[in-house]
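Novice: Below is my_file-v8.cif; it holds mmCIF, C-alpha atoms.
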```
data_start
#
loop_
_atom_site.group_PDB
_atom_site.id
_atom_site.type_symbol
_atom_site.label_atom_id
_atom_site.label_comp_id
_atom_site.auth_asym_id
_atom_site.auth_seq_id
_atom_site.Cartn_x
_atom_site.Cartn_y
_atom_site.Cartn_z
ATOM 1 C CA MET A 1 -7.741 40.175 1.398
ATOM 2 C CA THR A 2 -5.410 37.224 1.118
ATOM 3 C CA GLN A 3 -6.401 34.372 -1.093
ATOM 4 C CA TRP A 4 -5.650 30.784 -0.124
ATOM 5 C CA PHE A 5 -3.649 28.847 -2.680
ATOM 6 C CA PRO A 6 -3.484 25.070 -2.541
ATOM 7 C CA ALA A 7 0.019 23.702 -2.005
ATOM 8 C CA GLU A 8 1.998 22.138 -4.842
ATOM 9 C CA PRO A 9 2.721 18.384 -4.781
ATOM 10 C CA TRP A 10 6.019 17.398 -3.191
ATOM 11 C CA PRO A 11 9.034 16.730 -5.421
ATOM 12 C CA TRP A 12 9.889 13.013 -5.709
ATOM 13 C CA TRP A 13 12.947 13.184 -3.445
ATOM 14 C CA MET A 14 10.913 14.663 -0.610
ATOM 15 C CA GLY A 15 8.488 11.733 -0.803
ATOM 16 C CA GLY A 16 11.382 9.273 -0.997
ATOM 17 C CA LEU A 17 13.014 10.842 2.036
ATOM 18 C CA VAL A 18 9.923 10.708 4.245
ATOM 19 C CA ILE A 19 8.635 7.301 3.114
ATOM 20 C CA GLY A 20 12.119 5.734 3.183
ATOM 21 C CA ALA A 21 12.851 7.123 6.664
ATOM 22 C CA LEU A 22 9.741 5.358 7.968
ATOM 23 C CA VAL A 23 11.492 1.961 7.573
ATOM 24 C CA PRO A 24 14.276 2.535 10.165
ATOM 25 C CA LEU A 25 12.115 4.836 12.319
ATOM 26 C CA LEU A 26 9.378 2.195 12.728
ATOM 27 C CA TYR A 27 12.027 -0.351 13.684
ATOM 28 C CA TYR A 28 13.807 2.038 16.051
ATOM 29 C CA PHE A 29 10.754 3.239 17.942
ATOM 30 C CA LEU A 30 8.267 0.394 17.588
ATOM 31 C CA ASN A 31 10.297 -2.648 16.457
ATOM 32 C CA THR A 32 7.856 -3.094 13.578
ATOM 33 C CA ALA A 33 8.354 -3.640 9.851
ATOM 34 C CA LEU A 34 6.737 -1.069 7.548
ATOM 35 C CA GLY A 35 3.753 -2.651 5.815
ATOM 36 C CA VAL A 36 0.076 -2.153 5.161
ATOM 37 C CA SER A 37 -1.581 -5.151 3.520
ATOM 38 C CA THR A 38 -1.622 -7.505 6.542
ATOM 39 C CA GLY A 39 -4.006 -4.990 8.094
ATOM 40 C CA PHE A 40 -6.660 -5.941 5.535
ATOM 41 C CA GLY A 41 -6.968 -9.138 7.580
ATOM 42 C CA ASN A 42 -8.269 -6.935 10.418
ATOM 43 C CA PHE A 43 -11.014 -5.658 8.112
ATOM 44 C CA ALA A 44 -11.751 -9.191 6.878
ATOM 45 C CA LYS A 45 -12.279 -10.180 10.507
ATOM 46 C CA LEU A 46 -14.526 -7.142 10.924
ATOM 47 C CA LEU A 47 -16.547 -8.248 7.881
ATOM 48 C CA PHE A 48 -16.707 -11.921 8.899
ATOM 49 C CA PRO A 49 -16.432 -11.861 12.724
ATOM 50 C CA LYS A 50 -17.577 -15.478 13.147
ATOM 51 C CA THR A 51 -15.141 -16.916 10.594
ATOM 52 C CA LYS A 52 -13.724 -20.363 11.425
ATOM 53 C CA LEU A 53 -10.763 -19.981 9.047
ATOM 54 C CA SER A 54 -7.573 -20.693 10.962
ATOM 55 C CA TRP A 55 -5.516 -17.932 9.341
ATOM 56 C CA LEU A 56 -7.980 -15.258 10.440
ATOM 57 C CA ASN A 57 -7.992 -16.748 13.935
ATOM 58 C CA SER A 58 -4.213 -16.649 14.312
ATOM 59 C CA LYS A 59 -2.516 -14.507 16.931
ATOM 60 C CA SER A 60 -2.010 -11.599 14.499
ATOM 61 C CA PHE A 61 -5.743 -11.015 14.384
ATOM 62 C CA SER A 62 -6.705 -11.773 17.976
ATOM 63 C CA SER A 63 -7.669 -8.121 18.298
ATOM 64 C CA ILE A 64 -9.138 -6.130 15.405
ATOM 65 C CA VAL A 65 -8.233 -2.752 16.865
ATOM 66 C CA ASN A 66 -4.490 -3.410 17.100
ATOM 67 C CA HIS A 67 -1.403 -1.449 16.027
ATOM 68 C CA ARG A 68 -2.069 -2.111 12.330
ATOM 69 C CA PHE A 69 -5.572 -0.752 12.706
ATOM 70 C CA TYR A 70 -4.258 2.458 14.285
ATOM 71 C CA MET A 71 -1.680 2.830 11.544
ATOM 72 C CA MET A 72 -4.341 2.515 8.831
ATOM 73 C CA ILE A 73 -6.612 5.046 10.557
ATOM 74 C CA GLY A 74 -3.592 7.362 10.758
ATOM 75 C CA MET A 75 -3.018 6.976 7.012
ATOM 76 C CA LEU A 76 -6.623 7.983 6.312
ATOM 77 C CA ILE A 77 -6.272 11.079 8.522
ATOM 78 C CA GLY A 78 -2.880 12.037 7.054
ATOM 79 C CA ALA A 79 -4.177 11.771 3.496
ATOM 80 C CA PHE A 80 -7.310 13.691 4.449
ATOM 81 C CA ILE A 81 -5.147 16.581 5.659
ATOM 82 C CA ALA A 82 -2.918 16.385 2.565
ATOM 83 C CA GLY A 83 -5.961 16.419 0.282
ATOM 84 C CA ARG A 84 -7.237 19.635 1.882
ATOM 85 C CA VAL A 85 -3.757 21.215 1.818
ATOM 86 C CA MET A 86 -3.534 20.492 -1.911
ATOM 87 C CA GLY A 87 -7.101 21.613 -2.578
ATOM 88 C CA LEU A 88 -8.388 18.258 -3.876
ATOM 89 C CA PRO A 89 -12.160 17.661 -4.010
ATOM 90 C CA VAL A 90 -13.528 16.315 -0.703
ATOM 91 C CA ALA A 91 -15.547 13.619 -2.470
ATOM 92 C CA THR A 92 -15.235 12.503 -6.101
ATOM 93 C CA ILE A 93 -15.915 9.330 -8.066
ATOM 94 C CA GLU A 94 -13.404 10.342 -10.774
ATOM 95 C CA MET A 95 -10.312 8.184 -11.307
ATOM 96 C CA GLY A 96 -8.101 10.271 -13.599
ATOM 97 C CA VAL A 97 -7.536 9.142 -17.179
ATOM 98 C CA PHE A 98 -9.369 5.883 -16.511
ATOM 99 C CA SER A 99 -12.776 7.425 -15.887
ATOM 100 C CA GLU A 100 -12.157 10.332 -18.297
ATOM 101 C CA THR A 101 -11.271 8.143 -21.274
ATOM 102 C CA LEU A 102 -13.663 5.257 -20.729
ATOM 103 C CA GLN A 103 -16.750 7.119 -19.450
ATOM 104 C CA TRP A 104 -18.152 3.874 -18.035
ATOM 105 C CA PRO A 105 -21.370 3.858 -16.025
ATOM 106 C CA ILE A 106 -20.760 3.821 -12.290
ATOM 107 C CA TRP A 107 -21.466 0.097 -11.830
ATOM 108 C CA GLY A 108 -18.816 -0.660 -14.454
ATOM 109 C CA ASN A 109 -16.229 1.286 -12.489
ATOM 110 C CA VAL A 110 -17.341 -0.306 -9.231
ATOM 111 C CA LEU A 111 -16.943 -3.822 -10.675
ATOM 112 C CA TRP A 112 -13.554 -2.959 -12.185
ATOM 113 C CA PHE A 113 -12.069 -1.478 -9.007
ATOM 114 C CA LEU A 114 -13.600 -4.215 -6.856
ATOM 115 C CA MET A 115 -11.857 -6.769 -9.060
ATOM 116 C CA GLY A 116 -8.583 -4.823 -9.006
ATOM 117 C CA GLY A 117 -8.731 -4.571 -5.227
ATOM 118 C CA PHE A 118 -9.488 -8.284 -4.913
ATOM 119 C CA LEU A 119 -6.324 -9.153 -6.862
ATOM 120 C CA LEU A 120 -4.313 -6.679 -4.747
ATOM 121 C CA GLY A 121 -5.466 -8.248 -1.496
ATOM 122 C CA LEU A 122 -5.038 -11.834 -2.667
ATOM 123 C CA GLY A 123 -1.712 -11.234 -4.416
ATOM 124 C CA ALA A 124 -0.199 -9.320 -1.500
ATOM 125 C CA ARG A 125 -0.917 -12.190 0.902
ATOM 126 C CA ILE A 126 0.412 -14.883 -1.412
ATOM 127 C CA ALA A 127 3.539 -12.816 -2.167
ATOM 128 C CA GLY A 128 3.965 -12.025 1.533
ATOM 129 C CA GLY A 129 3.775 -8.253 1.231
ATOM 130 C CA CYS A 130 2.807 -5.253 -0.862
ATOM 131 C CA THR A 131 4.534 -2.197 -2.246
ATOM 132 C CA SER A 132 5.435 -0.908 1.208
ATOM 133 C CA GLY A 133 6.260 -4.242 2.867
ATOM 134 C CA HIS A 134 8.181 -5.763 -0.035
ATOM 135 C CA SER A 135 9.234 -2.979 -2.409
ATOM 136 C CA ILE A 136 10.238 -0.373 0.202
ATOM 137 C CA HIS A 137 10.881 -2.281 3.445
ATOM 138 C CA GLY A 138 12.060 -5.542 1.877
ATOM 139 C CA LEU A 139 14.335 -4.033 -0.748
ATOM 140 C CA ALA A 140 15.847 -1.620 1.800
ATOM 141 C CA ASN A 141 16.792 -4.799 3.717
ATOM 142 C CA PHE A 142 18.039 -6.619 0.576
ATOM 143 C CA HIS A 143 15.567 -9.494 0.795
ATOM 144 C CA LEU A 144 15.637 -11.745 -2.257
ATOM 145 C CA SER A 145 11.914 -12.495 -2.001
ATOM 146 C CA SER A 146 11.190 -8.749 -2.118
ATOM 147 C CA LEU A 147 13.224 -8.408 -5.309
ATOM 148 C CA VAL A 148 11.290 -11.257 -6.934
ATOM 149 C CA ALA A 149 7.978 -9.812 -5.744
ATOM 150 C CA THR A 150 8.792 -6.240 -6.830
ATOM 151 C CA ILE A 151 9.872 -7.308 -10.311
ATOM 152 C CA CYS A 152 6.569 -9.199 -10.675
ATOM 153 C CA PHE A 153 4.578 -6.228 -9.324
ATOM 154 C CA LEU A 154 6.114 -3.781 -11.799
ATOM 155 C CA LEU A 155 6.172 -6.120 -14.791
ATOM 156 C CA PHE A 156 2.559 -7.233 -14.446
ATOM 157 C CA GLY A 157 1.409 -3.730 -13.563
ATOM 158 C CA ALA A 158 2.969 -2.447 -16.793
ATOM 159 C CA VAL A 159 1.500 -5.337 -18.828
ATOM 160 C CA THR A 160 -1.944 -4.656 -17.336
ATOM 161 C CA VAL A 161 -1.845 -0.937 -18.120
ATOM 162 C CA PHE A 162 -0.658 -1.775 -21.645
ATOM 163 C CA ALA A 163 -3.604 -4.165 -22.032
ATOM 164 C CA ILE A 164 -5.996 -1.487 -20.740
ATOM 165 C CA ARG A 165 -4.730 0.933 -23.398
ATOM 166 C CA VAL A 166 -4.912 -1.582 -26.247
ATOM 167 C CA PHE A 167 -8.166 -3.372 -25.446
ATOM 168 C CA LEU A 168 -10.201 -0.781 -23.525
ATOM 169 C CA MET A 169 -8.931 2.614 -24.604
ATOM 170 C CA GLY A 170 -8.483 1.517 -28.208
ATOM 171 C CA GLY A 171 -4.815 1.939 -29.004
ATOM 172 C CA VAL A 172 -1.554 3.078 -27.474
ATOM 173 C CA MET B 1 -2.178 3.159 24.317
ATOM 174 C CA ARG B 2 0.928 5.273 23.812
ATOM 175 C CA LYS B 3 2.198 2.659 21.409
ATOM 176 C CA ASN B 4 -1.046 2.746 19.436
ATOM 177 C CA LEU B 5 -0.927 6.533 19.277
ATOM 178 C CA SER B 6 2.617 6.290 17.918
ATOM 179 C CA PHE B 7 1.314 3.998 15.188
ATOM 180 C CA LEU B 8 -1.427 6.511 14.496
ATOM 181 C CA GLY B 9 1.203 9.256 14.182
ATOM 182 C CA PHE B 10 3.451 7.242 11.871
ATOM 183 C CA GLY B 11 0.394 6.299 9.820
ATOM 184 C CA MET B 12 -0.532 9.968 9.488
ATOM 185 C CA LEU B 13 2.954 10.797 8.256
ATOM 186 C CA PHE B 14 2.856 7.897 5.777
ATOM 187 C CA GLY B 15 -0.591 8.799 4.445
ATOM 188 C CA TYR B 16 0.305 12.481 4.243
ATOM 189 C CA ALA B 17 3.522 11.740 2.324
ATOM 190 C CA LEU B 18 1.848 9.299 -0.115
ATOM 191 C CA SER B 19 -0.799 11.880 -0.884
ATOM 192 C CA ARG B 20 1.552 14.885 -1.141
ATOM 193 C CA VAL B 21 3.766 13.061 -3.618
ATOM 194 C CA ARG B 22 0.644 12.054 -5.630
ATOM 195 C CA ALA B 23 1.146 8.314 -5.234
ATOM 196 C CA SER B 24 -2.607 8.189 -4.682
ATOM 197 C CA ASP B 25 -3.320 9.783 -8.062
ATOM 198 C CA TYR B 26 -4.433 7.274 -10.725
ATOM 199 C CA ASN B 27 -2.688 9.263 -13.467
ATOM 200 C CA TYR B 28 0.726 9.113 -11.821
ATOM 201 C CA ILE B 29 0.526 5.311 -11.467
ATOM 202 C CA TYR B 30 -0.742 5.016 -15.040
ATOM 203 C CA HIS B 31 2.093 7.146 -16.407
ATOM 204 C CA MET B 32 4.683 5.276 -14.362
ATOM 205 C CA PHE B 33 3.542 2.041 -16.010
ATOM 206 C CA THR B 34 3.535 3.567 -19.487
ATOM 207 C CA GLY B 35 6.966 5.060 -18.820
ATOM 208 C CA THR B 36 5.849 8.624 -19.601
ATOM 209 C CA ASP B 37 6.304 10.006 -16.076
ATOM 210 C CA LEU B 38 8.695 8.289 -13.714
ATOM 211 C CA THR B 39 8.024 10.499 -10.664
ATOM 212 C CA LEU B 40 6.669 7.603 -8.609
ATOM 213 C CA ALA B 41 9.420 5.225 -9.709
ATOM 214 C CA LEU B 42 11.892 7.838 -8.435
ATOM 215 C CA VAL B 43 9.942 8.120 -5.173
ATOM 216 C CA MET B 44 10.196 4.342 -4.722
ATOM 217 C CA ALA B 45 13.889 4.184 -5.666
ATOM 218 C CA SER B 46 14.862 7.048 -3.373
ATOM 219 C CA ALA B 47 12.750 5.625 -0.532
ATOM 220 C CA ILE B 48 14.582 2.285 -0.858
ATOM 221 C CA ILE B 49 17.967 4.050 -0.727
ATOM 222 C CA VAL B 50 16.988 6.178 2.290
ATOM 223 C CA GLY B 51 15.549 3.086 4.001
ATOM 224 C CA ALA B 52 18.708 1.067 3.311
ATOM 225 C CA ILE B 53 20.932 3.836 4.712
ATOM 226 C CA GLY B 54 18.731 4.023 7.809
ATOM 227 C CA MET B 55 18.933 0.248 8.283
ATOM 228 C CA ARG B 56 22.722 0.471 7.918
ATOM 229 C CA ILE B 57 22.792 3.046 10.744
ATOM 230 C CA LEU B 58 20.665 0.725 12.909
ATOM 231 C CA ALA B 59 23.103 -2.120 12.133
ATOM 232 C CA MET B 60 26.062 0.048 13.176
ATOM 233 C CA ASN B 61 24.189 0.665 16.418
ATOM 234 C CA GLN B 62 23.957 -3.145 16.960
ATOM 235 C CA TYR B 63 20.219 -3.041 16.173
ATOM 236 C CA LYS B 64 19.451 -1.413 19.492
ATOM 237 C CA GLY B 65 16.072 0.259 19.534
ATOM 238 C CA PHE B 66 14.659 3.284 21.318
ATOM 239 C CA ARG B 67 14.707 1.725 24.803
ATOM 240 C CA GLY B 68 17.659 -0.548 24.158
ATOM 241 C CA GLN B 69 15.467 -3.453 22.995
ATOM 242 C CA ILE B 70 16.901 -5.547 20.181
ATOM 243 C CA ILE B 71 15.304 -4.839 16.809
ATOM 244 C CA GLU B 72 14.124 -7.965 15.001
ATOM 245 C CA VAL B 73 14.140 -7.436 11.257
ATOM 246 C CA ASN B 74 11.203 -9.168 9.616
ATOM 247 C CA VAL B 75 12.856 -11.392 6.990
ATOM 248 C CA LYS B 76 10.454 -12.167 4.190
ATOM 249 C CA LYS B 77 11.007 -15.712 2.972
ATOM 250 C CA LEU B 78 11.133 -16.600 -0.688
ATOM 251 C CA THR B 79 8.620 -19.350 -1.438
ATOM 252 C CA LYS B 80 7.532 -20.938 -4.682
ATOM 253 C CA TYR B 81 4.412 -18.767 -4.472
ATOM 254 C CA THR B 82 6.159 -15.389 -4.112
ATOM 255 C CA ALA B 83 6.321 -14.786 -7.865
ATOM 256 C CA VAL B 84 2.726 -15.960 -8.437
ATOM 257 C CA GLY B 85 1.477 -13.628 -5.702
ATOM 258 C CA GLY B 86 3.551 -10.819 -7.183
ATOM 259 C CA MET B 87 1.972 -11.334 -10.610
ATOM 260 C CA ILE B 88 -1.564 -11.331 -9.196
ATOM 261 C CA PHE B 89 -0.746 -8.204 -7.195
ATOM 262 C CA GLY B 90 0.759 -6.508 -10.278
ATOM 263 C CA VAL B 91 -2.449 -7.023 -12.278
ATOM 264 C CA GLY B 92 -4.440 -5.593 -9.364
ATOM 265 C CA TRP B 93 -2.080 -2.615 -9.171
ATOM 266 C CA GLY B 94 -2.462 -1.890 -12.871
ATOM 267 C CA MET B 95 -6.242 -2.299 -12.767
ATOM 268 C CA SER B 96 -6.967 -0.195 -9.698
ATOM 269 C CA GLY B 97 -4.127 2.295 -9.963
ATOM 270 C CA ALA B 98 -3.581 1.752 -6.257
ATOM 271 C CA CYS B 99 -1.616 -0.388 -3.870
ATOM 272 C CA PRO B 100 -2.655 -1.209 -0.293
ATOM 273 C CA GLY B 101 -1.081 1.967 1.097
ATOM 274 C CA THR B 102 -2.232 4.367 -1.590
ATOM 275 C CA LEU B 103 -5.811 3.086 -1.643
ATOM 276 C CA LEU B 104 -6.069 4.242 1.982
ATOM 277 C CA ALA B 105 -4.592 7.590 0.921
ATOM 278 C CA GLN B 106 -7.170 7.795 -1.903
ATOM 279 C CA ILE B 107 -10.004 7.287 0.570
ATOM 280 C CA GLY B 108 -8.596 9.900 2.936
ATOM 281 C CA GLU B 109 -8.310 12.441 0.129
ATOM 282 C CA GLY B 110 -11.873 11.832 -0.994
ATOM 283 C CA LYS B 111 -11.549 9.455 -3.962
ATOM 284 C CA MET B 112 -14.634 7.307 -3.509
ATOM 285 C CA MET B 113 -13.439 4.498 -5.788
ATOM 286 C CA GLY B 114 -10.748 3.860 -3.183
ATOM 287 C CA ILE B 115 -13.480 2.524 -0.886
ATOM 288 C CA VAL B 116 -14.450 0.018 -3.592
ATOM 289 C CA THR B 117 -10.804 -0.997 -4.038
ATOM 290 C CA LEU B 118 -10.509 -1.437 -0.259
ATOM 291 C CA LEU B 119 -13.582 -3.658 -0.167
ATOM 292 C CA GLY B 120 -12.087 -5.735 -2.979
ATOM 293 C CA ALA B 121 -8.762 -6.001 -1.148
ATOM 294 C CA VAL B 122 -10.499 -7.148 2.035
ATOM 295 C CA LEU B 123 -12.397 -9.809 0.067
ATOM 296 C CA GLY B 124 -9.116 -10.826 -1.610
ATOM 297 C CA THR B 125 -7.521 -11.212 1.821
ATOM 298 C CA TYR B 126 -10.474 -13.345 2.894
ATOM 299 C CA ALA B 127 -10.027 -15.450 -0.247
ATOM 300 C CA TYR B 128 -6.417 -15.980 0.820
ATOM 301 C CA ALA B 129 -7.604 -17.235 4.201
ATOM 302 C CA LEU B 130 -9.894 -19.684 2.342
ATOM 303 C CA LEU B 131 -7.014 -20.901 0.155
ATOM 304 C CA LYS B 132 -4.763 -21.211 3.191
ATOM 305 C CA ASN B 133 -7.257 -23.635 4.697
ATOM 306 C CA ARG B 134 -6.753 -25.998 1.776
ATOM 307 C CA TYR B 135 -3.124 -25.328 0.790
ATOM 308 C CA GLU B 136 -1.210 -24.807 3.975
ATOM 309 C CA ASN B 137 2.026 -23.518 2.474
ATOM 310 C CA ILE B 138 0.592 -20.830 0.234
#
```
Let me see the file written as structure tokens.

Specialist:
Amino acid sequence: MTQWFPAEPWPWWMGGLVIGALVPLLYYFLNTALGVSTGFGNFAKLLFPKTKLSWLNSKSFSSIVNHRFYMMIGMLIGAFIAGRVMGLPVATIEMGVFSETLQWPIWGNVLWFLMGGFLLGLGARIAGGCTSGHSIHGLANFHLSSLVATICFLLFGAVTVFAIRVFLMGGV
Amino acid sequence: MRKNLSFLGFGMLFGYALSRVRASDYNYIYHMFTGTDLTLALVMASAIIVGAIGMRILAMNQYKGFRGQIIEVNVKKLTKYTAVGGMIFGVGWGMSGACPGTLLAQIGEGKMMGIVTLLGAVLGTYAYALLKNRYENI
């Protein structure tokens, strides 16, 4: 009887190759810039369908089920397949060293990740993009704004993790 | 519809790659920010290089797309808010161990906290729409 072994993670260069190639491929086939975070506006519209806010009523969000919506659904499916290929648990509330070290009750984790997500969504819109739109797509196109944004992303991400280790995990 | 299915396909490839390279794993983000494991930094750096080479090839082809249509590169403008947004985003990245792309990958894999992060990100996007109503240029 053959036993099924989960696949190993990809080496970094393989990920870089595939993710990087998406930038020109999306332009070549669909004339679209790689990016994810604008699509959260679709979900915001789904959550508040009667909103009067002008930004959520702009042309980009005239239809909720648009190309960005399909792309996000695709990402969920792709990651679902990858998770099964790598033998990850189908449903878990664990978040690596964070939940292991801190052992917070579930509502504590929920509040923390809700807050983190809030800052991600807000920051990405103010900066004009996220890790894919700015750091991959924008830097591959040598945009100055993407360089500024990426430096801020990395610097403040590192400062935040440092603060988590000092103030929450009790030392470095 | 064919266009939407293409987006679905590209999304699947993106989500699959993010997950296979463990970008959706809290520990890998954490260790990138502490400097103890630079796997994801290398993923990002190599992706930028591959993307730049690909864009160079498109430029040599006079930015002609698949059916001969002219490709319009989305130029992201630098504003006085870019850095502020970047800082807010960075704190969110460090807190959640996810970015907009990888939180979707987390959900697909089965990491339930990713759903919470997504809800937060949607509310954050809504908060942006509220701010935009008052400060037009943000």

Novice: For A:His134, which residue out of B:Gly120, B:Gly85, B:Gly108, B:Gly35 is the nearest one, using all atoms listed in the file?

Specialist: B:Gly85

Novice: So what does the PyMOL selection byres ((chain A and resi 53-57) around 12) actually pick up in this one, as a ChimeraX atom specification?

Specialist: /A:38-52,58-64,125 /B:122,125-138

Novice: Please evaluate the PyMOL selection byres ((chain A and resi 34) around 8) against the displayed coordinates and give the resulting residues as a VMD selection string.

Specialist: chain A and resid 22 to 23 26 32 to 33 35 to 36 132 to 133 137

Novice: I'd like to know which of B:Ile115, B:Val43, B:Ile71, B:Met87 is closest to B:Ala17, using all atoms listed in the file.

Specialist: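 Ranking B:Ile115, B:Val43, B:Ile71, B:Met87 by distance to B:Ala17, first place goes to B:Val43.
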
Novice: Need the shell around B:Lys77: protein/DNA/RNA residues with any atom at most 9 Å away, counting all atoms listed in the file. Skip same-chain ones fewer than 3 positions apart. Format as a list of chain:residue names?

Specialist: A:Gly128, A:His143, A:Leu144, A:Ser145, A:Ser146, B:Thr82

Novice: For this file, the PyMOL selection byres ((chain B and resi 52-68) around 8) selects which residues, as a VMD selection string?

Specialist: (chain A and resid 21 23 to 24 27 to 31 139 to 141) or (chain B and resid 48 to 51 69 to 72)

Novice: Got a sec to check which residues sit within 12 Å of (-4.3, -5.9, -14.3), counting only C-alpha atoms, and write them as a CSV table (one decimal) with C-alpha atoms, keeping the file's coordinate frame?

Specialist:
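For reference, point24.csv as written:
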```
chain,number,residue,atom,x,y,z
A,112,TRP,CA,-13.6,-3.0,-12.2
A,113,PHE,CA,-12.1,-1.5,-9.0
A,115,MET,CA,-11.9,-6.8,-9.1
A,116,GLY,CA,-8.6,-4.8,-9.0
A,117,GLY,CA,-8.7,-4.6,-5.2
A,118,PHE,CA,-9.5,-8.3,-4.9
A,119,LEU,CA,-6.3,-9.2,-6.9
A,120,LEU,CA,-4.3,-6.7,-4.7
A,123,GLY,CA,-1.7,-11.2,-4.4
A,152,CYS,CA,6.6,-9.2,-10.7
A,153,PHE,CA,4.6,-6.2,-9.3
A,154,LEU,CA,6.1,-3.8,-11.8
A,155,LEU,CA,6.2,-6.1,-14.8
A,156,PHE,CA,2.6,-7.2,-14.4
A,157,GLY,CA,1.4,-3.7,-13.6
A,158,ALA,CA,3.0,-2.4,-16.8
A,159,VAL,CA,1.5,-5.3,-18.8
A,160,THR,CA,-1.9,-4.7,-17.3
A,161,VAL,CA,-1.8,-0.9,-18.1
A,162,PHE,CA,-0.7,-1.8,-21.6
A,163,ALA,CA,-3.6,-4.2,-22.0
A,164,ILE,CA,-6.0,-1.5,-20.7
A,165,ARG,CA,-4.7,0.9,-23.4
B,30,TYR,CA,-0.7,5.0,-15.0
B,33,PHE,CA,3.5,2.0,-16.0
B,86,GLY,CA,3.6,-10.8,-7.2
B,87,MET,CA,2.0,-11.3,-10.6
B,88,ILE,CA,-1.6,-11.3,-9.2
B,89,PHE,CA,-0.7,-8.2,-7.2
B,90,GLY,CA,0.8,-6.5,-10.3
B,91,VAL,CA,-2.4,-7.0,-12.3
B,92,GLY,CA,-4.4,-5.6,-9.4
B,93,TRP,CA,-2.1,-2.6,-9.2
B,94,GLY,CA,-2.5,-1.9,-12.9
B,95,MET,CA,-6.2,-2.3,-12.8
B,96,SER,CA,-7.0,-0.2,-9.7
B,97,GLY,CA,-4.1,2.3,-10.0
B,98,ALA,CA,-3.6,1.8,-6.3
```

Novice: Edge lengths and centre in Å to one decimal, as lines of an AutoDock Vina configuration file, of the axis-aligned box that encloses all listed atoms of stretch 85-104 of chain A with 3 Å added on every side?

Specialist:
```
center_x = -10.8
center_y = 12.7
center_z = -9.7
size_x = 20.6
size_y = 23.7
size_z = 29.1
```

Novice: Measure the distance from atom CA of A:Cys130 to atom CA of A:Val97 in Å and round it to one decimal.

Specialist: 24.1 Å

Novice: What would stretch 34-38 of chain A look like if you wrote it out as a compact mmCIF listing (two decimals), in the first residue's frame, with all heavy atoms included, from the block I just posted?

Specialist:
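Result file is decode34.txt:
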```txt
# COMPACT_ATOMS: atom_id res chain seq x y z
N LEU A 34 -1.50 43.89 -11.19
CA LEU A 34 -1.62 42.95 -10.07
C LEU A 34 -1.96 43.73 -8.80
O LEU A 34 -1.37 44.77 -8.53
CB LEU A 34 -0.30 42.19 -9.87
CG LEU A 34 -0.24 41.22 -8.69
CD1 LEU A 34 -1.07 39.99 -8.96
CD2 LEU A 34 1.19 40.82 -8.38
N GLY A 35 -2.91 43.24 -8.03
CA GLY A 35 -3.28 43.92 -6.80
C GLY A 35 -4.47 43.21 -6.17
O GLY A 35 -5.23 42.55 -6.87
N VAL A 36 -4.59 43.34 -4.86
CA VAL A 36 -5.65 42.63 -4.16
C VAL A 36 -6.55 43.60 -3.38
O VAL A 36 -7.77 43.50 -3.43
CB VAL A 36 -5.07 41.59 -3.18
CG1 VAL A 36 -6.18 40.91 -2.40
CG2 VAL A 36 -4.23 40.56 -3.92
N SER A 37 -5.93 44.58 -2.68
CA SER A 37 -6.65 45.28 -1.62
C SER A 37 -7.84 46.10 -2.11
O SER A 37 -8.80 46.29 -1.36
CB SER A 37 -5.69 46.14 -0.82
OG SER A 37 -5.03 47.05 -1.65
N THR A 38 -7.82 46.59 -3.35
CA THR A 38 -8.98 47.35 -3.85
C THR A 38 -10.24 46.49 -3.78
O THR A 38 -11.35 46.98 -3.56
CB THR A 38 -8.75 47.82 -5.30
OG1 THR A 38 -7.48 48.45 -5.36
CG2 THR A 38 -9.82 48.79 -5.75
```
